[in-house]
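Peer 1: As input, take upload05.pdb (PDB, C-alpha atoms):
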ATOM      1  CA  MET A 177     159.740  83.514 111.849
ATOM      2  CA  ARG A 178     158.406  84.280 115.312
ATOM      3  CA  TYR A 179     159.247  87.971 114.811
ATOM      4  CA  PHE A 180     157.402  87.875 111.504
ATOM      5  CA  LEU A 181     154.246  86.481 113.132
ATOM      6  CA  TYR A 182     154.332  88.926 116.049
ATOM      7  CA  PHE A 183     154.664  91.873 113.706
ATOM      8  CA  TYR A 184     152.447  90.978 110.770
ATOM      9  CA  ILE A 185     149.490  89.217 112.385
ATOM     10  CA  PRO A 186     148.316  92.361 114.277
ATOM     11  CA  VAL A 187     148.799  94.384 111.099
ATOM     12  CA  PHE A 188     146.792  91.823 109.131
ATOM     13  CA  LEU A 189     143.984  91.799 111.702
ATOM     14  CA  LYS A 190     143.868  95.586 111.685
ATOM     15  CA  ILE A 191     143.542  95.610 107.897
ATOM     16  CA  MET A 192     140.763  93.016 108.072
ATOM     17  CA  LYS A 193     138.940  95.090 110.683
ATOM     18  CA  TYR A 194     138.937  98.135 108.407
ATOM     19  CA  SER A 195     137.949  95.945 105.448
ATOM     20  CA  TYR A 196     134.891  94.635 107.281
ATOM     21  CA  THR A 197     133.981  98.178 108.355
ATOM     22  CA  TYR A 198     134.289  99.398 104.753
ATOM     23  CA  PHE A 199     132.264  96.434 103.503
ATOM     24  CA  PHE A 200     129.530  97.131 106.050
ATOM     25  CA  LEU A 201     129.376 100.806 105.058
ATOM     26  CA  VAL A 202     129.125  99.917 101.361
ATOM     27  CA  ILE A 203     126.290  97.421 101.955
ATOM     28  CA  THR A 204     124.406  99.894 104.167
ATOM     29  CA  SER A 205     124.723 102.634 101.535
ATOM     30  CA  VAL A 206     123.459 100.315  98.786
ATOM     31  CA  LEU A 207     120.432  99.297 100.858
ATOM     32  CA  MET A 208     119.619 102.933 101.590
ATOM     33  CA  LEU A 209     119.838 103.797  97.895
ATOM     34  CA  LEU A 210     117.584 100.897  96.985
ATOM     35  CA  SER A 211     115.086 102.010  99.605
ATOM     36  CA  CYS A 212     115.014 105.509  98.105
ATOM     37  CA  GLU A 213     114.639 104.121  94.592
ATOM     38  CA  ASN A 214     111.685 101.961  95.660
ATOM     39  CA  LYS A 215     109.899 105.019  96.974
ATOM     40  CA  THR A 216     107.521 106.196  94.249
ATOM     41  CA  ASP A 217     106.491 109.723  93.343
ATOM     42  CA  LEU A 218     103.125 109.020  94.962
ATOM     43  CA  ALA A 219     104.704 108.085  98.304
ATOM     44  CA  LYS A 220     107.078 111.042  98.173
ATOM     45  CA  GLU A 221     104.349 113.560  97.382
ATOM     46  CA  PHE A 222     102.218 112.437 100.322
ATOM     47  CA  SER A 223     105.027 112.033 102.877
ATOM     48  CA  CYS A 224     104.951 108.271 103.273
ATOM     49  CA  LYS A 225     108.502 107.642 104.448
ATOM     50  CA  SER A 226     108.562 103.876 103.987
ATOM     51  CA  LYS A 227     106.540 101.118 102.399
ATOM     52  CA  HIS A 228     103.944  99.471 104.625
ATOM     53  CA  GLN A 229     104.126  95.704 104.502
ATOM     54  CA  LEU A 230     100.818  93.829 104.433
ATOM     55  CA  ALA A 231     100.686  90.116 105.200
ATOM     56  CA  SER A 232      98.842  87.258 103.456
ATOM     57  CA  LEU A 233      98.205  89.049 100.178
ATOM     58  CA  GLU A 234      96.260  87.627  97.276
ATOM     59  CA  GLU A 235      96.090  88.786  93.680
ATOM     60  CA  VAL A 236      92.719  89.884  92.340
ATOM     61  CA  ASP A 237      92.023  90.480  88.636
ATOM     62  CA  ASP A 238      89.281  92.800  87.511
ATOM     63  CA  PHE A 239      86.526  91.148  85.459
ATOM     64  CA  ASN A 240      87.982  92.234  82.106
ATOM     65  CA  LYS A 241      91.580  91.300  83.051
ATOM     66  CA  ASN A 242      92.841  94.860  82.639
ATOM     67  CA  PHE A 243      94.654  95.141  85.954
ATOM     68  CA  ILE A 244      95.599  93.197  89.075
ATOM     69  CA  ILE A 245      95.598  94.361  92.688
ATOM     70  CA  LYS A 246      97.095  92.750  95.795
ATOM     71  CA  VAL A 247      95.042  92.905  98.989
ATOM     72  CA  PRO A 248      94.938  90.819 102.198
ATOM     73  CA  LYS A 249      93.092  87.520 101.771
ATOM     74  CA  TYR A 250      90.744  88.228 104.667
ATOM     75  CA  TRP A 251      89.447  91.462 103.114
ATOM     76  CA  ASP A 252      85.971  91.504 101.616
ATOM     77  CA  THR A 253      86.529  91.961  97.862
ATOM     78  CA  LYS A 254      83.872  92.209  95.156
ATOM     79  CA  LEU A 255      83.945  92.710  91.381
ATOM     80  CA  TYR A 256      81.603  94.726  89.189
ATOM     81  CA  TYR A 257      81.498  95.598  85.509
ATOM     82  CA  ASP A 258      79.338  97.170  82.824
ATOM     83  CA  ASN A 259      79.861  98.499  79.309
ATOM     84  CA  VAL A 260      81.923 101.451  80.528
ATOM     85  CA  GLN A 261      84.002 100.261  83.461
ATOM     86  CA  SER A 262      85.386  97.291  85.359
ATOM     87  CA  GLU A 263      85.673  97.725  89.135
ATOM     88  CA  ILE A 264      87.066  96.067  92.248
ATOM     89  CA  PHE A 265      85.765  97.038  95.701
ATOM     90  CA  SER A 266      87.810  95.934  98.698
ATOM     91  CA  ALA A 267      87.888  96.646 102.442
ATOM     92  CA  ASP A 268      88.834  95.145 105.788
ATOM     93  CA  THR A 269      85.331  94.543 107.147
ATOM     94  CA  ILE A 270      86.670  92.908 110.317
ATOM     95  CA  LYS A 271      87.805  96.284 111.638
ATOM     96  CA  SER A 272      85.568  99.255 112.317
ATOM     97  CA  LEU A 273      85.391 102.049 109.736
ATOM     98  CA  SER A 274      87.523 104.316 111.940
ATOM     99  CA  GLU A 275      90.308 101.719 111.916
ATOM    100  CA  SER A 276      90.253 100.775 108.250
ATOM    101  CA  TYR A 277      89.433 102.216 104.812
ATOM    102  CA  ILE A 278      87.394 101.375 101.717
ATOM    103  CA  MET A 279      89.048 101.076  98.294
ATOM    104  CA  ASN A 280      87.471 101.229  94.853
ATOM    105  CA  PHE A 281      89.587 100.510  91.751
ATOM    106  CA  SER A 282      87.982 101.348  88.408
ATOM    107  CA  TRP A 283      89.201 100.787  84.860
ATOM    108  CA  VAL A 284      87.205 103.229  82.742
ATOM    109  CA  ASN A 285      86.813 102.968  78.963
ATOM    110  CA  ASP A 286      86.907 106.666  78.225
ATOM    111  CA  THR A 287      89.369 109.437  77.464
ATOM    112  CA  ILE A 288      90.913 111.641  80.114
ATOM    113  CA  GLN A 289      93.401 114.490  80.158
ATOM    114  CA  ILE A 290      95.525 114.788  83.271
ATOM    115  CA  SER A 291      95.487 118.570  83.396
ATOM    116  CA  LYS A 292      94.314 121.665  85.232
ATOM    117  CA  ILE A 293      90.864 121.065  83.724
ATOM    118  CA  LEU A 294      90.560 117.749  85.574
ATOM    119  CA  GLN A 295      91.867 119.427  88.725
ATOM    120  CA  ALA A 296      89.190 122.129  88.463
ATOM    121  CA  GLU A 297      86.447 119.501  87.982
ATOM    122  CA  VAL A 298      87.582 117.598  91.077
ATOM    123  CA  HIS A 299      87.694 120.819  93.118
ATOM    124  CA  LYS A 300      84.189 121.750  91.988
ATOM    125  CA  ILE A 301      82.757 118.378  93.053
ATOM    126  CA  LYS A 302      84.568 118.449  96.407
ATOM    127  CA  GLU A 303      83.389 121.979  97.188
ATOM    128  CA  LYS A 304      79.825 121.005  96.286
ATOM    129  CA  ASN A 305      80.074 118.187  98.833
ATOM    130  CA  GLY A 306      81.447 120.512 101.496
ATOM    131  CA  MET A 307      84.986 119.185 101.325
ATOM    132  CA  LYS A 308      88.324 120.987 101.403
ATOM    133  CA  THR A 309      91.562 120.104  99.635
ATOM    134  CA  ILE A 310      94.373 118.879 101.906
ATOM    135  CA  LYS A 311      96.906 118.090  99.226
ATOM    136  CA  GLU A 312      97.103 117.289  95.524
ATOM    137  CA  SER A 313      99.754 116.380  93.005
ATOM    138  CA  PHE A 314     100.508 115.889  89.319
ATOM    139  CA  HIS A 315     103.207 113.259  88.749
ATOM    140  CA  LYS A 316     104.056 109.986  87.024
ATOM    141  CA  PHE A 317     102.743 106.599  88.088
ATOM    142  CA  LYS A 318     104.736 103.815  86.422
ATOM    143  CA  LYS A 319     105.624 106.222  83.597
ATOM    144  CA  ARG A 320     102.001 107.285  83.140
ATOM    145  CA  ASP A 321     100.487 110.717  83.787
ATOM    146  CA  ALA A 322      98.618 110.822  87.081
ATOM    147  CA  TYR A 323      96.724 113.238  89.313
ATOM    148  CA  ALA A 324      96.130 112.685  93.033
ATOM    149  CA  HIS A 325      93.771 114.574  95.345
ATOM    150  CA  LEU A 326      93.216 114.239  99.083
ATOM    151  CA  GLY A 327      90.215 116.037 100.534
ATOM    152  CA  ILE A 328      88.586 116.297 103.952
ATOM    153  CA  GLY A 329      84.987 116.742 105.047
ATOM    154  CA  LYS A 330      82.955 116.555 108.248
ATOM    155  CA  THR A 331      79.672 115.122 109.435
ATOM    156  CA  THR A 332      78.021 115.784 112.777
ATOM    157  CA  ASN A 333      79.854 112.836 114.350
ATOM    158  CA  TYR A 334      83.248 112.549 112.665
ATOM    159  CA  SER A 335      85.560 113.766 109.947
ATOM    160  CA  PHE A 336      86.256 111.802 106.785
ATOM    161  CA  ARG A 337      88.877 111.952 104.051
ATOM    162  CA  VAL A 338      88.681 110.878 100.416
ATOM    163  CA  PHE A 339      91.696 110.144  98.264
ATOM    164  CA  GLN A 340      91.093 110.138  94.510
ATOM    165  CA  TYR A 341      93.679 109.049  91.994
ATOM    166  CA  TYR A 342      93.503 109.280  88.209
ATOM    167  CA  ILE A 343      95.974 107.455  85.962
ATOM    168  CA  LYS A 344      95.913 107.857  82.189
ATOM    169  CA  ILE A 345      96.471 104.411  80.650
ATOM    170  CA  ASP A 346      96.204 105.378  76.972
ATOM    171  CA  GLU A 347      94.012 107.496  74.706
ATOM    172  CA  GLU A 348      90.964 105.295  75.340
ATOM    173  CA  ASN A 349      91.301 104.186  78.965
ATOM    174  CA  TYR A 350      92.142 105.467  82.431
ATOM    175  CA  MET A 351      92.110 104.241  86.016
ATOM    176  CA  ARG A 352      90.219 105.952  88.816
ATOM    177  CA  ILE A 353      90.993 104.897  92.364
ATOM    178  CA  LYS A 354      88.956 106.131  95.305
ATOM    179  CA  THR A 355      89.817 105.449  98.943
ATOM    180  CA  GLU A 356      87.639 106.556 101.858
ATOM    181  CA  PHE A 357      88.859 107.060 105.426
ATOM    182  CA  TYR A 358      86.559 107.709 108.379
ATOM    183  CA  GLY A 359      87.688 109.299 111.643
ATOM    184  CA  ASP A 360      91.049 110.778 112.606
ATOM    185  CA  ASP A 361      92.605 107.866 114.508
ATOM    186  CA  ASP A 362      95.954 106.788 113.050
ATOM    187  CA  PHE A 363      95.025 108.325 109.707
ATOM    188  CA  GLN A 364      98.557 108.672 108.319
ATOM    189  CA  THR A 365      99.309 104.985 108.910
ATOM    190  CA  ARG A 366      96.073 103.916 107.217
ATOM    191  CA  PHE A 367      96.664 106.360 104.368
ATOM    192  CA  CYS A 368     100.223 105.205 103.654
ATOM    193  CA  GLU A 369      99.094 101.593 103.852
ATOM    194  CA  ALA A 370      96.463 102.306 101.189
ATOM    195  CA  LEU A 371      99.075 103.988  98.996
ATOM    196  CA  SER A 372     101.274 100.889  99.262
ATOM    197  CA  ILE A 373      98.364  98.837  97.889
ATOM    198  CA  ILE A 374      97.928 101.287  95.026
ATOM    199  CA  GLU A 375     101.640 101.100  94.241
ATOM    200  CA  MET A 376     101.367  97.312  93.810
ATOM    201  CA  ILE A 377      98.792  97.560  91.010
ATOM    202  CA  ALA A 378      99.888  95.635  87.916
ATOM    203  CA  LEU A 379      98.837  97.457  84.755
ATOM    204  CA  ASP A 380     100.873  95.692  82.055
TER     205      ASP A 380
END
Now, as a test, write the supplied structure out as structure tokens.
Peer 2:
Amino acid sequence: MRYFLYFYIPVFLKIMKYSYTYFFLVITSVLMLLSCENKTDLAKEFSCKSKHQLASLEEVDDFNKNFIIKVPKYWDTKLYYDNVQSEIFSADTIKSLSESYIMNFSWVNDTIQISKILQAEVHKIKEKNGMKTIKESFHKFKKRDAYAHLGIGKTTNYSFRVFQYYIKIDEENYMRIKTEFYGDDDFQTRFCEALSIIEMIALD
């Protein structure tokens, strides 16, 4: 019996060691796969490597109950509507403009085609305003056709960037999201944070 214990216990412990190692590797692989799956086309296209977590979020419905956004509770958020569109404006007014960004979410009662025609119209407006295209993309947002455009412009004192996002909801409605960034400081962090807010929009 003693011989049995001396021989088999080390073997058993060795097997358990490898089992725990295998288990750890499996769990790590699953978590990495889930992380990749959670990354949307929007985040991938604009090189946001991971989701930015925002604390103390609250849900805000637009006036016509067409969509819901999640933004920090301390942000200044206002609603607007008319016969054509329902809008939510939101921004962190505690920080300076160069440290934050301004977001405008609009549900528009009109038709739109996510196509090269829309792309050309956006380019024309940006060029008229003295802006240049940094990056743009056609892709799917929650199974809907979408077009994203990031442009840059300059004033005498600072540079600014505008991100515009168009999502076709159906044949009669679309969403237009505009986010403005002022200054160059920590732009990529602010930009990816804004994209994480966009990705949380509830449309259904």
Peer 1: Please identify all polymer residues within 6 Å of Tyr323 of chain A, counting all atoms listed in the file, omitting same-chain residues fewer than 2 positions from it, and present them as a PyMOL selection string.
Peer 2: chain A and resi 313-314+341-342
Peer 1: With all atoms listed in the file as the basis for distance, which of A:Lys225, A:His325, A:Lys319, A:Lys304 is at the shortest distance from Gln364 of chain A?
Peer 2: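 Among A:Lys225, A:His325, A:Lys319, A:Lys304, it is A:Lys225 that comes nearest to Gln364 of chain A.
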Peer 1: Can you tell me how far atom CA of Phe367 of chain A sits from atom CA of Ile290 of chain A, in Å to one decimal?
Peer 2: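 These atoms are spaced 22.7 Å apart.
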Peer 1: If we count all atoms listed in the file and set the cut-off at 9 Å, which residues sit around Arg352 of chain A, ignoring sequence neighbours fewer than 6 positions away in its own chain? Please answer as an NGL selection string.
Peer 2: :A and (280-284 or 340-344)
Peer 1: Identify the residues around (87.4, 115.5, 103.2) within a radius of 7 Å, measuring from all atoms listed in the file in the coordinates stated by the file, and give them as a PyMOL selection string.
Peer 2: chain A and resi 307-308+327-330+336-338
Peer 1: Closest to Ser232 of chain A among A:Ala296, A:Asp362, A:Tyr350, A:Pro248, using only C-alpha atoms?
Peer 2: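 Counting only C-alpha atoms, the residue closest to Ser232 of chain A is A:Pro248.
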Peer 1: Please report the interatomic distance between atom CA of Lys318 of chain A and atom CA of Ser276 of chain A in Å with one decimal.
Peer 2: 26.4 Å
Peer 1: Please compute the atom CA of Lys220 of chain A-atom CA of Ile353 of chain A distance, one decimal, in Å.
Peer 2: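 So the answer is 18.2 Å.
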Peer 1: Could you tell me which residues the PyMOL selection byres ((chain A and resi 255) around 9) returns for this structure, as number ranges by chain?
Peer 2: A: 237-239, 253-254, 256-257, 262-266
Peer 1: Which residues are close to Asn285 of chain A, i.e. within 8 Å by all atoms listed in the file, leaving aside same-chain residues fewer than 5 positions away? Reply as a ChimeraX atom specification.
Peer 2: /A:260-261,348-350
Peer 1: Using the chain letters and numbers from the file, which residues does the PyMOL selection byres ((chain A and resi 373) around 9) grab, as a PyMOL selection string?
Peer 2: chain A and resi 228+230+245-247+368-372+374-377
Peer 1: To test your reading of the syntax: which residues would the PyMOL selection byres ((chain A and resi 355) around 6) return for the file shown? Reply as a VMD selection string.
Peer 2: chain A and resid 278 to 279 338 to 339 354 356
Peer 1: List the spatial neighbours of Phe317 of chain A as a count of residues only - criterion: any atom at most 9 Å away, all atoms listed in the file, same-chain residues fewer than 4 positions off excluded.
Peer 2: 7
Peer 1: Grab all the atoms of segment 292-309 of chain A that the file lists, wrap them in a box along x, y and z, add 8 Å per side, and give me centre plus edge lengths in Å (one decimal) as JSON.
Peer 2:
{"center_x": 87.1, "center_y": 119.9, "center_z": 92.6, "size_x": 30.5, "size_y": 20.5, "size_z": 33.8}
Peer 1: Please determine, counting all atoms listed in the file, which residue among A:Tyr277, A:Leu326, A:Ile293, A:Ile345 has the shortest atom-to-atom distance to Glu221 of chain A.
Peer 2: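 Between A:Tyr277, A:Leu326, A:Ile293, A:Ile345, the residue approaching Glu221 of chain A most closely is A:Leu326.
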Peer 1: Could you check which of A:Glu275, A:His315, A:Thr331, A:Ala324 is closest to His299 of chain A, using all atoms listed in the file?
Peer 2: A:Ala324
